[in-house]
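**Student:** So that you have it, the file is query-v5.txt, and it contains compact mmCIF, C-alpha atoms:
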```
# COMPACT_ATOMS: atom_id res chain seq x y z
CA MET A 1 0.00 0.00 0.00
CA ASP A 2 1.51 3.35 -0.92
CA LYS A 3 2.38 5.82 1.83
CA THR A 4 -0.23 8.47 0.99
CA LEU A 5 -3.04 5.93 0.95
CA ASP A 6 -1.79 4.41 4.18
CA GLU A 7 -1.75 7.85 5.84
CA ASN A 8 -5.17 8.64 4.46
CA LEU A 9 -6.65 5.38 5.68
CA ASN A 10 -5.14 5.79 9.12
CA SER A 11 -6.29 9.37 9.65
CA PRO A 12 -9.38 9.63 11.86
CA ALA A 13 -12.77 9.79 10.18
CA GLU A 14 -14.41 13.20 10.17
CA THR A 15 -17.83 11.62 9.83
CA VAL A 16 -18.76 8.41 11.63
CA VAL A 17 -22.13 6.77 11.10
CA GLY A 18 -22.77 4.48 14.08
CA PRO A 19 -24.31 0.99 13.81
CA SER A 20 -27.82 2.00 14.89
CA VAL A 21 -27.93 5.05 12.61
CA LYS A 22 -29.96 5.34 9.43
CA ILE A 23 -29.19 8.17 7.03
CA GLN A 24 -31.43 9.23 4.19
CA GLY A 25 -30.22 11.83 1.72
CA ASP A 26 -26.93 13.12 0.40
CA LEU A 27 -24.09 12.63 2.83
CA ASN A 28 -21.27 15.01 1.86
CA SER A 29 -18.04 15.41 3.76
CA GLU A 30 -14.67 17.02 3.26
CA GLY A 31 -12.91 14.32 5.30
CA ASN A 32 -12.93 10.57 5.73
CA ILE A 33 -16.29 8.87 6.25
CA LYS A 34 -16.71 5.70 8.28
CA ILE A 35 -20.05 3.93 7.89
CA GLU A 36 -21.20 1.26 10.33
CA GLY A 37 -24.95 1.82 9.93
CA GLN A 38 -27.29 2.27 7.00
CA VAL A 39 -27.21 4.95 4.34
CA SER A 40 -29.57 5.51 1.44
CA GLY A 41 -29.10 8.37 -1.00
CA LYS A 42 -25.61 9.44 -2.02
CA VAL A 43 -22.22 9.46 -0.30
CA LYS A 44 -19.61 11.95 -1.45
CA THR A 45 -16.13 12.88 -0.23
CA SER A 46 -12.80 13.72 -1.78
CA GLN A 47 -11.15 11.61 0.93
CA SER A 48 -11.76 7.98 1.93
CA VAL A 49 -14.90 6.01 2.68
CA PHE A 50 -14.81 3.00 4.99
CA VAL A 51 -17.79 0.69 4.87
CA ILE A 52 -17.48 -1.51 7.94
CA PRO A 53 -18.75 -5.14 7.94
CA GLY A 54 -22.43 -5.04 8.90
CA ALA A 55 -23.04 -1.66 7.24
CA LYS A 56 -25.72 -1.50 4.53
CA ILE A 57 -25.59 1.14 1.86
CA ASN A 58 -28.17 1.77 -0.77
CA ALA A 59 -26.44 4.67 -2.43
CA ASP A 60 -23.96 5.76 -5.05
CA ILE A 61 -20.52 6.49 -3.62
CA LEU A 62 -18.12 9.11 -4.96
CA ALA A 63 -14.85 9.16 -3.07
CA GLY A 64 -11.09 9.43 -3.22
CA ASN A 65 -10.50 5.94 -1.81
CA ALA A 66 -12.81 3.26 -0.45
CA VAL A 67 -12.39 0.24 1.77
CA VAL A 68 -15.52 -1.89 1.71
CA GLY A 69 -16.39 -4.62 4.20
CA GLY A 70 -20.17 -4.20 4.22
CA GLU A 71 -22.95 -4.32 1.66
CA ILE A 72 -23.42 -1.73 -1.06
CA GLN A 73 -26.21 -1.53 -3.58
CA GLY A 74 -25.20 1.31 -5.85
CA ASN A 75 -22.44 2.52 -8.10
CA LEU A 76 -18.96 3.35 -6.86
CA LYS A 77 -16.86 6.01 -8.51
CA ILE A 78 -13.51 6.05 -6.76
CA THR A 79 -10.70 8.25 -8.02
CA GLY A 80 -8.01 6.29 -6.17
CA HIS A 81 -7.90 2.90 -4.46
CA LEU A 82 -10.85 0.58 -3.98
CA ILE A 83 -10.33 -2.33 -1.61
CA LEU A 84 -13.00 -5.00 -1.23
CA GLN A 85 -12.57 -6.97 1.98
CA SER A 86 -13.64 -10.59 2.29
CA THR A 87 -17.00 -9.60 3.81
CA ALA A 88 -17.83 -7.07 1.07
CA LYS A 89 -20.90 -7.47 -1.09
CA ILE A 90 -21.44 -5.04 -3.95
CA ILE A 91 -24.29 -4.87 -6.42
CA GLY A 92 -23.51 -2.05 -8.81
CA ASP A 93 -20.92 -0.71 -11.19
CA ILE A 94 -17.41 0.19 -10.13
CA ASN A 95 -15.09 2.81 -11.56
CA CYS A 96 -11.73 3.19 -9.89
CA GLN A 97 -8.03 3.61 -10.50
CA ILE A 98 -6.63 0.77 -8.43
CA PHE A 99 -8.71 -2.22 -7.42
CA ARG A 100 -7.94 -4.89 -4.85
CA VAL A 101 -10.28 -7.76 -3.98
CA GLU A 102 -9.83 -10.13 -1.07
CA ASP A 103 -10.97 -13.76 -1.15
CA GLY A 104 -14.66 -14.11 -0.43
CA ALA A 105 -15.74 -10.63 -1.58
CA GLN A 106 -18.85 -10.62 -3.76
CA PHE A 107 -19.30 -8.25 -6.64
CA SER A 108 -21.99 -8.09 -9.26
CA GLY A 109 -21.72 -5.31 -11.84
CA LYS A 110 -19.43 -3.69 -14.34
CA CYS A 111 -15.94 -2.63 -13.46
CA SER A 112 -13.95 -0.03 -15.36
CA MET A 113 -10.53 1.08 -14.26
CA GLY A 114 -8.59 4.23 -15.02
CA GLN A 115 -10.00 7.52 -16.23
CA ASN A 116 -10.20 7.73 -20.01
CA GLY A 117 -8.75 4.26 -20.15
CA VAL A 118 -5.50 5.33 -18.53
CA GLN A 119 -4.63 3.24 -15.55
CA PRO A 120 -1.89 4.19 -13.11
CA PRO A 121 0.44 1.25 -13.35
CA VAL A 122 0.61 -1.04 -10.34
CA ILE A 123 2.48 -4.27 -10.61
CA ASN A 124 2.80 -6.55 -7.59
CA GLY A 125 1.83 -3.64 -5.42
CA LYS A 126 4.63 -1.44 -6.84
CA LYS A 127 4.27 1.33 -9.35
CA GLY A 128 5.46 0.28 -12.77
CA PRO A 129 5.69 1.88 -16.20
CA GLY A 130 2.59 3.50 -17.65
CA MET A 131 0.17 1.51 -19.79
CA LYS A 132 -3.30 1.96 -21.20
CA MET A 133 -5.97 -0.57 -20.45
CA GLU A 134 -9.58 -0.87 -19.44
CA HIS A 135 -10.93 -3.86 -17.57
CA GLU A 136 -14.50 -4.95 -17.71
CA ILE A 137 -15.72 -7.73 -15.49
CA GLU A 138 -19.02 -9.18 -16.55
CA PRO A 139 -21.74 -9.31 -13.89
CA GLU A 140 -22.09 -12.53 -11.94
CA GLU A 141 -24.88 -14.82 -13.07
CA MET B 1 -5.26 36.91 15.67
CA GLU B 2 -5.25 40.68 15.93
CA PHE B 3 -4.53 43.42 18.43
CA GLU B 4 -6.87 46.42 18.54
CA ILE B 5 -6.33 50.02 19.54
CA TRP B 6 -8.75 50.50 22.38
CA ASN B 7 -10.19 52.95 24.78
CA SER B 8 -10.74 51.64 28.29
CA LYS B 9 -13.75 53.96 28.71
CA LEU B 10 -15.57 51.78 26.20
CA HIS B 11 -15.16 48.68 28.39
CA TYR B 12 -18.30 47.49 30.15
CA TYR B 13 -17.96 44.83 32.86
CA ILE B 14 -20.94 42.76 33.91
CA LEU B 15 -20.42 41.34 37.42
CA ASP B 16 -22.54 38.35 38.33
CA GLN B 17 -22.68 36.74 41.76
CA ASN B 18 -24.40 33.66 40.29
CA GLY B 19 -24.42 31.33 43.26
CA LEU B 20 -21.26 32.61 44.96
CA PRO B 21 -21.52 33.44 48.68
CA LEU B 22 -21.90 37.20 49.10
CA ASP B 23 -18.70 37.67 51.10
CA LYS B 24 -16.63 35.80 48.50
CA PHE B 25 -18.27 37.75 45.67
CA GLU B 26 -17.58 41.09 47.35
CA LYS B 27 -13.96 40.11 47.93
CA LEU B 28 -13.60 39.18 44.24
CA GLN B 29 -15.31 42.42 43.20
CA THR B 30 -12.85 44.48 45.23
CA GLU B 31 -9.91 42.53 43.85
CA LEU B 32 -11.24 42.98 40.31
CA GLN B 33 -11.68 46.73 40.64
CA GLY B 34 -8.18 47.08 42.02
CA LEU B 35 -6.70 45.11 39.12
CA LEU B 36 -8.76 46.99 36.52
CA ALA B 37 -7.46 50.28 37.91
CA GLU B 38 -3.90 48.94 38.01
CA PHE B 39 -4.06 47.94 34.33
CA LYS B 40 -5.92 51.17 33.44
CA ILE B 41 -8.87 49.37 31.92
CA SER B 42 -11.50 50.42 34.46
CA GLY B 43 -14.31 51.39 32.09
CA GLU B 44 -17.72 50.89 33.69
CA THR B 45 -18.74 48.07 36.00
CA ALA B 46 -22.32 47.00 36.68
CA ARG B 47 -23.58 44.30 38.98
CA VAL B 48 -26.39 41.90 38.14
CA THR B 49 -29.24 42.20 40.65
CA PRO B 50 -32.75 40.75 40.80
CA LEU B 51 -33.96 43.98 39.17
CA ARG B 52 -31.14 44.31 36.61
CA SER B 53 -30.69 41.19 34.54
CA ILE B 54 -27.70 40.47 32.30
CA GLY B 55 -29.93 41.34 29.33
CA ASP B 56 -30.69 44.78 30.83
CA LEU B 57 -26.98 45.40 31.35
CA VAL B 58 -26.14 44.42 27.77
CA ASP B 59 -28.79 46.92 26.62
CA THR B 60 -27.25 49.61 28.85
CA ALA B 61 -23.76 48.86 27.50
CA SER B 62 -25.06 49.22 23.97
CA GLN B 63 -26.78 52.54 24.75
CA ARG B 64 -23.59 53.90 26.30
CA GLY B 65 -21.58 53.05 23.22
CA ALA B 66 -19.41 50.36 24.84
CA THR B 67 -17.34 48.39 22.37
CA THR B 68 -15.98 45.75 24.74
CA LEU B 69 -18.28 43.71 26.89
CA VAL B 70 -16.73 41.60 29.63
CA ALA B 71 -18.63 38.95 31.58
CA CYS B 72 -17.23 38.55 35.10
CA GLY B 73 -18.61 35.49 36.81
CA SER B 74 -19.25 31.89 35.79
CA ASP B 75 -19.51 30.18 32.40
CA ASP B 76 -23.24 30.65 32.74
CA THR B 77 -22.76 34.44 33.04
CA PHE B 78 -20.92 34.48 29.73
CA ASN B 79 -23.46 32.19 28.04
CA VAL B 80 -26.40 34.32 29.17
CA MET B 81 -24.58 37.49 28.04
CA LEU B 82 -23.94 35.91 24.63
CA ALA B 83 -27.60 34.97 24.31
CA GLN B 84 -28.55 38.62 24.97
CA LEU B 85 -26.35 40.19 22.26
CA LYS B 86 -29.16 40.09 19.70
CA GLY B 87 -26.80 40.70 16.80
CA ARG B 88 -25.10 43.74 18.37
CA ASP B 89 -21.42 44.06 17.63
CA PHE B 90 -19.11 43.90 20.66
CA THR B 91 -15.65 42.56 21.34
CA LEU B 92 -16.19 40.07 24.15
CA GLY B 93 -14.14 39.15 27.15
CA PHE B 94 -14.49 36.90 30.17
CA ILE B 95 -13.08 37.10 33.69
CA PRO B 96 -13.69 33.98 35.79
CA PHE B 97 -14.88 34.16 39.38
CA ASP B 98 -14.97 30.39 39.48
CA GLU B 99 -11.66 28.52 39.24
CA ASP B 100 -13.36 25.45 37.77
CA SER B 101 -14.64 27.45 34.83
CA MET B 102 -14.38 25.46 31.59
CA LEU B 103 -14.53 28.60 29.49
CA ALA B 104 -11.65 30.16 31.40
CA LYS B 105 -9.48 27.12 30.68
CA ILE B 106 -10.42 27.17 26.99
CA LEU B 107 -9.72 30.90 26.69
CA GLY B 108 -6.47 30.62 28.65
CA MET B 109 -7.34 32.70 31.72
CA GLU B 110 -7.18 30.40 34.71
CA ASN B 111 -8.10 32.95 37.35
CA LEU B 112 -9.29 36.49 37.93
CA ALA B 113 -5.81 38.08 37.87
CA ILE B 114 -4.85 36.39 34.58
CA GLY B 115 -8.29 37.30 33.24
CA VAL B 116 -7.72 41.01 33.86
CA LYS B 117 -4.21 40.83 32.42
CA THR B 118 -5.65 39.13 29.34
CA ILE B 119 -8.28 41.84 28.87
CA ALA B 120 -5.52 44.44 29.13
CA GLY B 121 -3.38 42.55 26.61
CA ARG B 122 -6.28 42.59 24.18
CA ARG B 123 -5.22 39.69 22.01
CA ILE B 124 -8.27 39.10 19.83
CA GLU B 125 -9.18 35.90 18.05
CA LYS B 126 -12.10 35.54 15.67
CA ILE B 127 -14.07 32.43 16.51
CA ASP B 128 -17.20 30.71 15.26
CA LEU B 129 -20.47 31.54 16.93
CA ALA B 130 -23.27 29.02 17.26
CA LYS B 131 -26.88 30.17 17.03
CA ILE B 132 -29.94 28.49 18.47
CA GLY B 133 -33.26 30.24 17.88
CA ASN B 134 -32.65 33.88 18.84
CA GLY B 135 -29.80 33.00 21.19
CA TYR B 136 -26.09 32.31 20.75
CA PHE B 137 -23.46 30.11 22.36
CA ILE B 138 -19.80 29.30 21.86
CA SER B 139 -19.37 26.11 23.87
CA PHE B 140 -21.70 23.11 23.57
CA LEU B 141 -25.25 21.96 24.05
CA GLU B 142 -26.32 18.54 25.29
CA PHE B 143 -29.41 16.44 24.83
CA GLY B 144 -30.22 13.29 26.77
CA VAL B 145 -26.75 12.77 28.19
CA MET B 146 -25.91 15.33 30.87
CA SER B 147 -22.19 15.40 31.50
CA HIS B 148 -22.47 17.37 34.73
CA LYS B 149 -24.94 14.80 36.12
CA LEU B 150 -22.52 11.98 35.33
CA LYS B 151 -19.64 13.78 37.02
CA SER B 152 -21.48 14.06 40.29
CA ALA B 153 -23.32 10.72 40.19
CA GLY B 154 -22.06 7.47 41.66
CA LEU B 155 -21.30 4.32 39.68
CA TRP B 156 -24.76 2.71 40.05
CA GLN B 157 -26.43 5.94 39.04
CA ASN B 158 -24.15 6.12 35.99
CA ILE B 159 -24.94 2.53 35.03
CA LYS B 160 -28.62 3.40 35.27
CA LEU B 161 -28.23 6.57 33.17
CA LEU B 162 -25.98 5.13 30.46
CA SER B 163 -27.66 1.77 29.99
CA SER B 164 -31.20 3.09 30.14
CA GLU B 165 -33.70 2.63 27.33
CA SER B 166 -32.74 4.23 24.03
CA LYS B 167 -34.75 7.04 22.50
CA SER B 168 -35.35 7.51 18.83
CA PHE B 169 -33.82 10.76 17.60
CA ILE B 170 -34.36 12.33 14.18
CA VAL B 171 -32.15 15.18 13.06
CA ARG B 172 -31.73 16.89 9.71
CA ILE B 173 -28.24 17.95 8.70
CA ASP B 174 -27.35 20.86 6.39
CA ASP B 175 -30.73 20.61 4.64
CA SER B 176 -29.17 17.61 2.92
CA TYR B 177 -29.81 14.39 4.83
CA THR B 178 -31.81 13.01 7.73
CA VAL B 179 -30.27 10.97 10.53
CA THR B 180 -32.33 8.53 12.56
CA LEU B 181 -30.64 7.16 15.66
CA SER B 182 -31.74 5.00 18.50
CA GLY B 183 -29.53 6.11 21.36
CA LEU B 184 -29.06 7.94 24.63
CA GLY B 185 -28.46 11.46 23.33
CA GLY B 186 -25.40 13.50 22.56
CA LEU B 187 -23.95 16.93 22.18
CA VAL B 188 -23.45 19.72 19.67
CA ALA B 189 -20.03 21.27 20.10
CA ASN B 190 -18.34 24.42 18.91
CA ILE B 191 -15.79 24.56 21.74
CA ARG B 192 -15.05 22.17 24.56
CA LEU B 193 -12.19 21.72 26.99
CA THR B 194 -10.08 19.74 24.54
CA SER B 195 -10.63 22.21 21.70
CA GLY B 196 -7.59 23.11 19.68
CA LYS B 197 -6.54 24.39 16.28
CA ASN B 198 -5.25 20.95 15.38
CA GLN B 199 -8.29 19.14 16.73
CA THR B 200 -10.79 17.83 14.25
CA ILE B 201 -13.67 17.89 16.74
CA ALA B 202 -14.89 21.08 18.43
CA ASN B 203 -12.43 23.37 16.72
CA PRO B 204 -13.89 26.89 17.16
CA THR B 205 -12.14 28.26 14.09
CA ASP B 206 -13.11 25.62 11.49
CA GLY B 207 -16.53 27.06 10.64
CA ASN B 208 -18.30 23.83 11.62
CA LEU B 209 -20.40 22.35 14.37
CA ASP B 210 -19.77 18.81 15.57
CA LEU B 211 -22.70 16.59 16.40
CA LEU B 212 -21.84 13.57 18.53
CA MET B 213 -24.53 11.01 19.27
CA LEU B 214 -24.17 8.25 21.81
CA GLU B 215 -25.68 4.79 21.53
CA ARG B 216 -26.84 2.79 24.53
CA LEU B 217 -23.94 1.25 26.45
CA LYS B 218 -23.58 -2.24 27.85
CA LYS B 219 -23.33 -2.23 31.65
CA THR B 220 -19.73 -3.44 31.38
CA GLN B 221 -18.82 -0.47 29.15
CA VAL B 222 -20.11 2.15 31.58
CA LEU B 223 -17.09 1.90 33.87
CA SER B 224 -14.63 2.23 30.98
CA TYR B 225 -16.26 5.20 29.29
CA LYS B 226 -17.94 7.11 32.15
CA GLY B 227 -15.04 9.58 32.38
CA ALA B 228 -14.94 10.26 28.62
CA ILE B 229 -18.69 10.88 28.53
CA ALA B 230 -18.56 13.16 31.57
CA ASP B 231 -15.81 15.16 29.82
CA GLY B 232 -17.89 15.38 26.63
CA LEU B 233 -15.40 13.23 24.70
CA LEU B 234 -18.10 11.04 23.19
CA GLU B 235 -16.00 10.16 20.16
CA LYS B 236 -13.89 7.95 22.45
CA VAL B 237 -16.91 5.73 23.10
CA PRO B 238 -17.46 2.86 20.64
CA ASN B 239 -20.30 3.23 18.11
CA THR B 240 -20.61 6.99 18.63
CA THR B 241 -21.84 8.84 15.57
CA VAL B 242 -19.83 11.93 14.64
CA ILE B 243 -21.05 14.46 12.09
CA LYS B 244 -19.38 17.72 11.06
CA CYS B 245 -21.87 20.21 9.68
CA LYS B 246 -23.09 23.79 9.55
CA LYS B 247 -26.75 23.35 10.41
CA ILE B 248 -28.61 20.86 12.59
CA GLU B 249 -32.37 20.63 12.89
CA PHE B 250 -33.46 18.55 15.89
CA LEU B 251 -36.83 17.16 14.88
CA GLU B 252 -37.75 14.22 17.14
CA PRO B 253 -38.63 13.43 19.91
CA ARG B 254 -40.67 16.61 20.17
CA GLY B 255 -40.34 18.45 23.46
CA PHE B 256 -36.93 16.89 24.25
CA SER B 257 -34.60 19.36 25.97
CA LEU B 258 -31.37 20.88 24.70
CA THR B 259 -29.33 21.99 27.69
CA MET B 260 -26.23 23.99 28.50
CA LEU B 261 -24.53 23.13 31.79
CA GLY B 262 -27.81 21.56 32.86
CA ARG B 263 -29.90 24.64 32.02
CA GLN B 264 -32.55 24.12 29.36
CA VAL B 265 -32.04 26.46 26.41
CA ALA B 266 -34.50 25.00 23.88
CA LYS B 267 -36.77 22.10 23.14
CA PHE B 268 -37.06 19.94 20.02
CA PRO B 269 -37.85 20.97 17.31
CA ALA B 270 -34.92 23.38 17.33
CA THR B 271 -32.29 24.50 14.85
CA VAL B 272 -28.62 25.09 15.61
CA GLU B 273 -26.42 26.88 13.08
CA ILE B 274 -22.83 28.03 12.98
CA ILE B 275 -21.78 31.54 11.99
CA PRO B 276 -18.12 31.23 11.02
CA GLN B 277 -15.59 33.66 12.51
CA ARG B 278 -18.38 35.90 13.79
CA LEU B 279 -17.19 36.59 17.30
CA ARG B 280 -14.28 38.80 18.32
CA MET B 281 -13.08 37.31 21.56
CA ILE B 282 -10.29 38.47 23.84
CA VAL B 283 -8.16 35.42 24.53
CA GLY B 284 -5.13 34.53 26.62
CA LYS B 285 -1.89 33.15 25.30
CA ASN B 286 -2.61 29.81 27.02
CA ARG B 287 -5.90 29.30 25.18
CA THR B 288 -6.53 25.81 23.89
CA PHE B 289 -7.17 26.83 20.28
```
Before we go any further, please render this structure as structure tokens.

**Tutor:**
Amino acid sequence: MDKTLDENLNSPAETVVGPSVKIQGDLNSEGNIKIEGQVSGKVKTSQSVFVIPGAKINADILAGNAVVGGEIQGNLKITGHLILQSTAKIIGDINCQIFRVEDGAQFSGKCSMGQNGVQPPVINGKKGPGMKMEHEIEPEE
Amino acid sequence: MEFEIWNSKLHYYILDQNGLPLDKFEKLQTELQGLLAEFKISGETARVTPLRSIGDLVDTASQRGATTLVACGSDDTFNVMLAQLKGRDFTLGFIPFDEDSMLAKILGMENLAIGVKTIAGRRIEKIDLAKIGNGYFISFLEFGVMSHKLKSAGLWQNIKLLSSESKSFIVRIDDSYTVTLSGLGGLVANIRLTSGKNQTIANPTDGNLDLLMLERLKKTQVLSYKGAIADGLLEKVPNTTVIKCKKIEFLEPRGFSLTMLGRQVAKFPATVEIIPQRLRMIVGKNRTF
């Protein structure tokens, strides 16, 4: 994991949605957002979103980075890293720069990587030479 | 931060006994007047009486053309004075009569003598002002959880308070989204004792309010987190919801109280908003922010 992402992920969340909280509407923040409860509407931040196992989101997510351990029904547009943990369940389309999936994560939707087809090169976790590509994963049956 | 050219004749001091024994209050009043004369910032002093409320004295200060209004008393004295400003433009100061004053610690004036020295130094910081209805505050409001009750209560009483039945709260944030929470209550903070420029929560210069909402605790958690809750540090308690925003509308349960230091200031439905950098406050060099 690169240093900036690591720092970003370890910085405290500006917005924390507790487990018994339900949010309806557009949740906008300028800092990190940690979601343990339920959100329906839209989630937007230029920083990172953490969806904790047990959280349920019925919303589109626009964020700098995202670490997902809960359930999301909606599209994800992530300008940086997207990490799906083993407990993650996503129904929706994904657009991100760098994508990591742990064993057991479930994903049903389209996945496109890199803006305008340009993907920041990451090989074995290290930055490599630039290359153009666009991945598309077909939805699960 | 700025320093202003000032005229001590335009200082207006509101002296409030507010629960102090009369002999102690009179001793403090004498000490204060001596120090004000020594630092050549005497201005005009007026004492709160049953017939002259803090609101009346703020009106008088305004009529006399005072530019600096100084609350001398407890945190409550300052909060009531702030609520009575009604949009009038003053530079504000505070001189504590109570050594346990939270506001004094935040503003960096631990006692009366340092308070007077601070007023004379006239270091001014612009800070955010929170508005509720027609009133204002700079510190924090609580609902459901009363930190001062927890501080004075014993362990069994705390267990009873913090593991009691949850209430269903509905609040609307920034006209953008609605939060529904089943919990014990929480607080809305602009400043608290741990406030600082580098703090993300309760930073009085960031132009935001912080809403912290507490979920029901297990009995075993009460002992671990009683202190943090009593100090208003709810974010240290697991499962606490933290929201940074500019406007909070408390919608449900209707009639539920919003309190400041145990004094009710409004009932749900109520709206709290932040006015960024609105207040010119005289602060000490040891302030927390």

**Student:** Using only C-alpha atoms and a cut-off of 10 Å, which residues of chain A sit close to chain B? Please list them as a compact mmCIF listing (two decimals) with C-alpha atoms, in the coordinates of the input.

**Tutor:**
```
# COMPACT_ATOMS: atom_id res chain seq x y z
CA PRO A 12 -9.38 9.63 11.86
CA ALA A 13 -12.77 9.79 10.18
CA GLU A 14 -14.41 13.20 10.17
CA THR A 15 -17.83 11.62 9.83
CA VAL A 16 -18.76 8.41 11.63
CA VAL A 17 -22.13 6.77 11.10
CA GLY A 18 -22.77 4.48 14.08
CA PRO A 19 -24.31 0.99 13.81
CA SER A 20 -27.82 2.00 14.89
CA VAL A 21 -27.93 5.05 12.61
CA LYS A 22 -29.96 5.34 9.43
CA ILE A 23 -29.19 8.17 7.03
CA GLN A 24 -31.43 9.23 4.19
CA GLY A 25 -30.22 11.83 1.72
CA ASP A 26 -26.93 13.12 0.40
CA LEU A 27 -24.09 12.63 2.83
CA ASN A 28 -21.27 15.01 1.86
CA SER A 29 -18.04 15.41 3.76
CA GLU A 30 -14.67 17.02 3.26
CA GLY A 31 -12.91 14.32 5.30
CA ILE A 33 -16.29 8.87 6.25
CA LYS A 34 -16.71 5.70 8.28
CA ILE A 35 -20.05 3.93 7.89
CA GLU A 36 -21.20 1.26 10.33
CA GLY A 37 -24.95 1.82 9.93
CA GLN A 38 -27.29 2.27 7.00
CA VAL A 39 -27.21 4.95 4.34
CA SER A 40 -29.57 5.51 1.44
CA GLY A 41 -29.10 8.37 -1.00
CA LYS A 42 -25.61 9.44 -2.02
```

**Student:** Skipping near chain neighbours, those fewer than 3 positions away, what residues fall within 9 Å of segment 12-25 of chain B using all atoms listed in the file, listed as a PyMOL selection string?

**Tutor:** chain B and resi 8-9+28-30+42-49+54+57-58+61+66-74+76-77+81+93+97-98

**Student:** Tell me, in Å to one decimal, how far atom CA of Glu252 of chain B is from atom CA of Ala130 of chain B.

**Tutor:**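 Straight-line distance from atom CA of Glu252 of chain B to atom CA of Ala130 of chain B works out to 20.7 Å.
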
**Student:** So that I can see what lies close to Leu217 of chain B, please list as a list in words the residues with an atom at most 7 Å from it, counting all atoms listed in the file and leaving out residues fewer than 3 positions away in the same chain.

**Tutor:**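 With the cut-off at 7 Å, the set is Leu162, Ser163, Gln221 and Val222 of chain B.
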
**Student:** So which residues touch Val68 of chain A within 9 Å, counting only C-alpha atoms, skipping near sequence neighbours fewer than 4 positions away, as a PyMOL selection string?

**Tutor:** chain A and resi 49-53+72+82-90

**Student:** As an MDAnalysis selection string, please: the residues near Leu62 of chain A (cut-off 7 Å, all atoms listed in the file, same-chain neighbours under 3 positions excluded).

**Tutor:** chainID A and resid 43:45 76:78

**Student:** Please list as a ChimeraX atom specification every residue within 7 Å of segment 104-120 of chain B, counting all atoms listed in the file and excluding residues in the same chain fewer than 2 positions away.

**Tutor:** /B:35-36,39,41,93-97,99,101-102,122,193,282-288

**Student:** How about saving the chosen residues, C-alpha atoms kept, as a PDB file, in the coordinates of the input?

**Tutor:**
```pdb
ATOM      1  CA  LEU B  35      -6.700  45.110  39.120  1.00  0.00           C
ATOM      2  CA  LEU B  36      -8.760  46.990  36.520  1.00  0.00           C
ATOM      3  CA  PHE B  39      -4.060  47.940  34.330  1.00  0.00           C
ATOM      4  CA  ILE B  41      -8.870  49.370  31.920  1.00  0.00           C
ATOM      5  CA  GLY B  93     -14.140  39.150  27.150  1.00  0.00           C
ATOM      6  CA  PHE B  94     -14.490  36.900  30.170  1.00  0.00           C
ATOM      7  CA  ILE B  95     -13.080  37.100  33.690  1.00  0.00           C
ATOM      8  CA  PRO B  96     -13.690  33.980  35.790  1.00  0.00           C
ATOM      9  CA  PHE B  97     -14.880  34.160  39.380  1.00  0.00           C
ATOM     10  CA  GLU B  99     -11.660  28.520  39.240  1.00  0.00           C
ATOM     11  CA  SER B 101     -14.640  27.450  34.830  1.00  0.00           C
ATOM     12  CA  MET B 102     -14.380  25.460  31.590  1.00  0.00           C
ATOM     13  CA  ARG B 122      -6.280  42.590  24.180  1.00  0.00           C
ATOM     14  CA  LEU B 193     -12.190  21.720  26.990  1.00  0.00           C
ATOM     15  CA  ILE B 282     -10.290  38.470  23.840  1.00  0.00           C
ATOM     16  CA  VAL B 283      -8.160  35.420  24.530  1.00  0.00           C
ATOM     17  CA  GLY B 284      -5.130  34.530  26.620  1.00  0.00           C
ATOM     18  CA  LYS B 285      -1.890  33.150  25.300  1.00  0.00           C
ATOM     19  CA  ASN B 286      -2.610  29.810  27.020  1.00  0.00           C
ATOM     20  CA  ARG B 287      -5.900  29.300  25.180  1.00  0.00           C
ATOM     21  CA  THR B 288      -6.530  25.810  23.890  1.00  0.00           C
TER      22      THR B 288
END
```

**Student:** Find the distance between atom CA of Leu10 of chain B and atom CA of Phe289 of chain B and write it in Å to one decimal.

**Tutor:**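 One can read the atom CA of Leu10 of chain B to atom CA of Phe289 of chain B distance as 27.0 Å.
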
**Student:** Expressed in Å to a single decimal, how great is the separation between atom CA of Gly114 of chain A and atom CA of Ser48 of chain A?

**Tutor:**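 So the answer is 17.6 Å.
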
**Student:** Nearest to Lys218 of chain B: which of B:His11, B:Lys86, B:Ser166, B:Ile248 is it, counting all atoms listed in the file?

**Tutor:**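 Once distances to Lys218 of chain B are computed over all atoms listed in the file, the minimum belongs to B:Ser166.
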